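**Student:** This one is my_file.pdb, PDB, C-alpha atoms.
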ATOM      1  CA  MET A   1     108.961 115.172  94.461
ATOM      2  CA  THR A   2     110.420 111.677  94.780
ATOM      3  CA  THR A   3     109.261 109.041  97.241
ATOM      4  CA  GLU A   4     112.480 109.513  99.207
ATOM      5  CA  ASN A   5     111.936 113.293  99.412
ATOM      6  CA  ILE A   6     108.400 112.755 100.700
ATOM      7  CA  LYS A   7     109.664 110.270 103.303
ATOM      8  CA  GLN A   8     112.220 112.855 104.434
ATOM      9  CA  ALA A   9     109.498 115.528 104.674
ATOM     10  CA  MET A  10     107.349 113.102 106.695
ATOM     11  CA  THR A  11     110.264 112.442 109.064
ATOM     12  CA  LYS A  12     110.846 116.187 109.541
ATOM     13  CA  GLU A  13     107.192 116.505 110.601
ATOM     14  CA  GLY A  14     107.629 113.714 113.165
ATOM     15  CA  PHE A  15     106.331 110.798 111.110
ATOM     16  CA  ASP A  16     109.034 108.164 111.449
ATOM     17  CA  LEU A  17     108.464 105.309 109.023
ATOM     18  CA  GLY A  18     106.518 102.484 110.683
ATOM     19  CA  ARG A  19     105.959 104.403 113.907
ATOM     20  CA  MET A  20     103.629 103.188 116.641
ATOM     21  CA  LEU A  21     101.503 105.563 118.714
ATOM     22  CA  SER A  22     100.629 102.869 121.243
ATOM     23  CA  ALA A  23     101.726  99.260 121.555
ATOM     24  CA  ASN A  24      98.232  98.145 122.554
ATOM     25  CA  LYS A  25      96.422 100.330 119.991
ATOM     26  CA  LYS A  26      94.713 102.466 122.600
ATOM     27  CA  LEU A  27      94.866 106.174 123.259
ATOM     28  CA  ARG A  28      93.640 107.873 126.388
ATOM     29  CA  ASN A  29      91.731 110.523 124.444
ATOM     30  CA  LYS A  30      88.871 108.736 122.684
ATOM     31  CA  ASP A  31      88.016 111.955 120.819
ATOM     32  CA  ASN A  32      90.979 111.457 118.503
ATOM     33  CA  ILE A  33      90.624 109.843 115.096
ATOM     34  CA  VAL A  34      93.488 107.360 114.911
ATOM     35  CA  ILE A  35      94.282 105.163 111.931
ATOM     36  CA  TRP A  36      96.366 102.228 113.107
ATOM     37  CA  ASN A  37      98.849 100.870 110.565
ATOM     38  CA  ALA A  38      97.848 103.545 108.080
ATOM     39  CA  ASN A  39      99.244 103.767 104.580
ATOM     40  CA  VAL A  40      99.930 107.167 103.011
ATOM     41  CA  LEU A  41      99.925 107.360  99.223
ATOM     42  CA  THR A  42     100.302 109.915  96.471
ATOM     43  CA  GLU A  43      99.036 109.437  92.955
ATOM     44  CA  THR A  44     102.514 109.968  91.503
ATOM     45  CA  ASN A  45     104.571 107.851  93.916
ATOM     46  CA  GLY A  46     102.142 105.285  95.337
ATOM     47  CA  LYS A  47     102.811 104.258  98.944
ATOM     48  CA  VAL A  48     105.207 106.734 100.555
ATOM     49  CA  TRP A  49     104.714 106.028 104.266
ATOM     50  CA  TYR A  50     103.124 103.635 106.750
ATOM     51  CA  GLY A  51     102.536 103.676 110.494
ATOM     52  CA  ASP A  52     100.029 104.915 113.065
ATOM     53  CA  LEU A  53      98.401 108.313 112.461
ATOM     54  CA  ASN A  54      96.361 110.554 114.732
ATOM     55  CA  LEU A  55      94.411 112.557 112.167
ATOM     56  CA  THR A  56      92.830 114.796 114.791
ATOM     57  CA  THR A  57      96.164 116.198 115.948
ATOM     58  CA  GLU A  58      98.385 115.610 112.908
ATOM     59  CA  ALA A  59      96.322 116.482 109.831
ATOM     60  CA  ASN A  60      97.943 119.901 109.497
ATOM     61  CA  LYS A  61     101.398 118.307 109.477
ATOM     62  CA  LEU A  62     100.253 116.006 106.672
ATOM     63  CA  LYS A  63      98.930 119.027 104.787
ATOM     64  CA  ARG A  64     102.372 120.687 105.047
ATOM     65  CA  VAL A  65     103.986 117.571 103.590
ATOM     66  CA  ALA A  66     101.424 117.577 100.766
ATOM     67  CA  GLU A  67     102.279 121.206  99.985
ATOM     68  CA  GLN A  68     105.947 120.275  99.731
ATOM     69  CA  ALA A  69     105.109 117.233  97.596
ATOM     70  CA  GLY A  70     102.968 119.322  95.276
ATOM     71  CA  GLU A  71     100.107 116.844  95.429
ATOM     72  CA  PRO A  72      97.584 115.506  97.960
ATOM     73  CA  LEU A  73      98.379 112.725 100.400
ATOM     74  CA  PHE A  74      95.773 109.975 100.773
ATOM     75  CA  VAL A  75      95.400 107.982 104.007
ATOM     76  CA  LEU A  76      94.256 104.381 103.701
ATOM     77  CA  ARG A  77      93.649 101.702 106.290
ATOM     78  CA  GLU A  78      96.108  98.829 106.587
ATOM     79  CA  MET A  79      94.029  96.267 104.687
ATOM     80  CA  ASP A  80      93.411  98.595 101.739
ATOM     81  CA  CYS A  81      97.082  98.643 100.783
ATOM     82  CA  ARG A  82      98.875  95.669 102.345
ATOM     83  CA  PHE A  83     102.579  95.048 101.836
ATOM     84  CA  GLY A  84     103.528  92.638  99.104
ATOM     85  CA  THR A  85     100.045  91.818  97.880
ATOM     86  CA  GLU A  86      98.078  92.458  94.744
ATOM     87  CA  ARG A  87      96.395  95.249  96.688
ATOM     88  CA  GLU A  88      99.510  97.344  96.064
ATOM     89  CA  GLN A  89      98.937  97.029  92.299
ATOM     90  CA  LEU A  90      95.404  98.392  91.973
ATOM     91  CA  PRO A  91      94.474 101.287  89.661
ATOM     92  CA  TRP A  92      94.915 104.674  91.351
ATOM     93  CA  ASN A  93      91.201 105.571  91.386
ATOM     94  CA  LEU A  94      90.476 102.568  93.639
ATOM     95  CA  TYR A  95      92.998 103.805  96.203
ATOM     96  CA  ALA A  96      91.518 107.291  96.126
ATOM     97  CA  GLN A  97      88.033 105.825  96.683
ATOM     98  CA  LYS A  98      89.232 103.735  99.645
ATOM     99  CA  SER A  99      91.000 106.605 101.405
ATOM    100  CA  VAL A 100      89.651 107.519 104.830
ATOM    101  CA  TRP A 101      90.974 111.072 104.490
ATOM    102  CA  ASP A 102      93.136 113.142 102.184
ATOM    103  CA  THR A 103      94.927 116.443 102.541
ATOM    104  CA  THR A 104      92.424 118.332 100.370
ATOM    105  CA  LEU A 105      89.771 117.826 103.079
ATOM    106  CA  PRO A 106      89.263 119.770 106.316
ATOM    107  CA  THR A 107      91.028 118.567 109.447
ATOM    108  CA  PRO A 108      88.922 115.705 110.838
ATOM    109  CA  SER A 109      87.415 115.779 114.296
ATOM    110  CA  ARG A 110      84.945 113.725 116.259
ATOM    111  CA  ALA A 111      81.592 115.410 116.726
TER     112      ALA A 111
END
Written as structure tokens, that's how I'd like the structure from this file.

**Tutor:**
Amino acid sequence: MTTENIKQAMTKEGFDLGRMLSANKKLRNKDNIVIWNANVLTETNGKVWYGDLNLTTEANKLKRVAEQAGEPLFVLREMDCRFGTEREQLPWNLYAQKSVWDTTLPTPSRA
């Protein structure tokens, strides 16, 4: 699946490119695991999406996109894959190691 196809699948699941969940980076429900300015990558296509993610409520949507893509999606924090820096040119295994969650794992929740 191409990067553009993955972006389209993300949009269909409600993940508009660059979306913000909250302008002040706060959510009322502190039990949610939110990754602000997240980067979503695949091994084949690299960075395919960026924006705010609520993993607690949206992990299953990401898993559906991964099924369509035919490969796992990896979620990284903003600083681990910044725009226009050498951090976007690292070997794939370093990205996989830095991911905070990927679609092969169970849906995250706060204990």

**Student:** Can you list what the PyMOL selection byres ((chain A and resi 103) around 8) grabs from this structure, as number ranges by chain?

**Tutor:** A: 59, 62-63, 66, 72-74, 101-102, 104-106

**Student:** Applied to this file, what does the PyMOL selection byres ((chain A and resi 50) around 12) return in terms of residues, put as an MDAnalysis selection string?

**Tutor:** chainID A and resid 7 10:11 15:20 35:41 46:49 51:53 74:79 81:83

**Student:** What is the atom CA of A:Asn32 to atom CA of A:Trp92 distance in Å?

**Tutor:**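 Separation of atom CA of A:Asn32 and atom CA of A:Trp92: 28.3 Å.
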
**Student:** For atom CA of A:Asn45 and atom CA of A:Ile6, determine how far apart the two atoms are, in Å to one decimal place.

**Tutor:** 9.2 Å

**Student:** What is the distance, in Å and to one decimal place, between atom CA of A:Thr3 and atom CA of A:Glu71?

**Tutor:**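 Separation between atom CA of A:Thr3 and atom CA of A:Glu71: 12.2 Å.
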
**Student:** What lies within 10 Å of A:Asp80 using only C-alpha atoms, ignoring chain neighbours under 5 positions off, as a PyMOL selection string?

**Tutor:** chain A and resi 38-39+75+87-88+90+94-95+98-99

**Student:** Compile the contact shell of A:Leu55 as number ranges by chain: residues with an atom at most 7 Å away, counting only C-alpha atoms, same-chain residues fewer than 2 positions apart removed.

**Tutor:** A: 33-34, 53, 57-59, 108

**Student:** Which one of A:Pro91, A:Ala96, A:Asn54, A:Ala69 sits closest to A:Gly14 if you count only C-alpha atoms?

**Tutor:**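 So, comparing all the options, the nearest one is A:Asn54.
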
**Student:** Using only C-alpha atoms, which residue out of A:Asn93, A:Thr2, A:Thr44, A:Thr107 lies closest to A:Thr56?

**Tutor:**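 Checking each candidate against A:Thr56, we get A:Thr107 as the closest.
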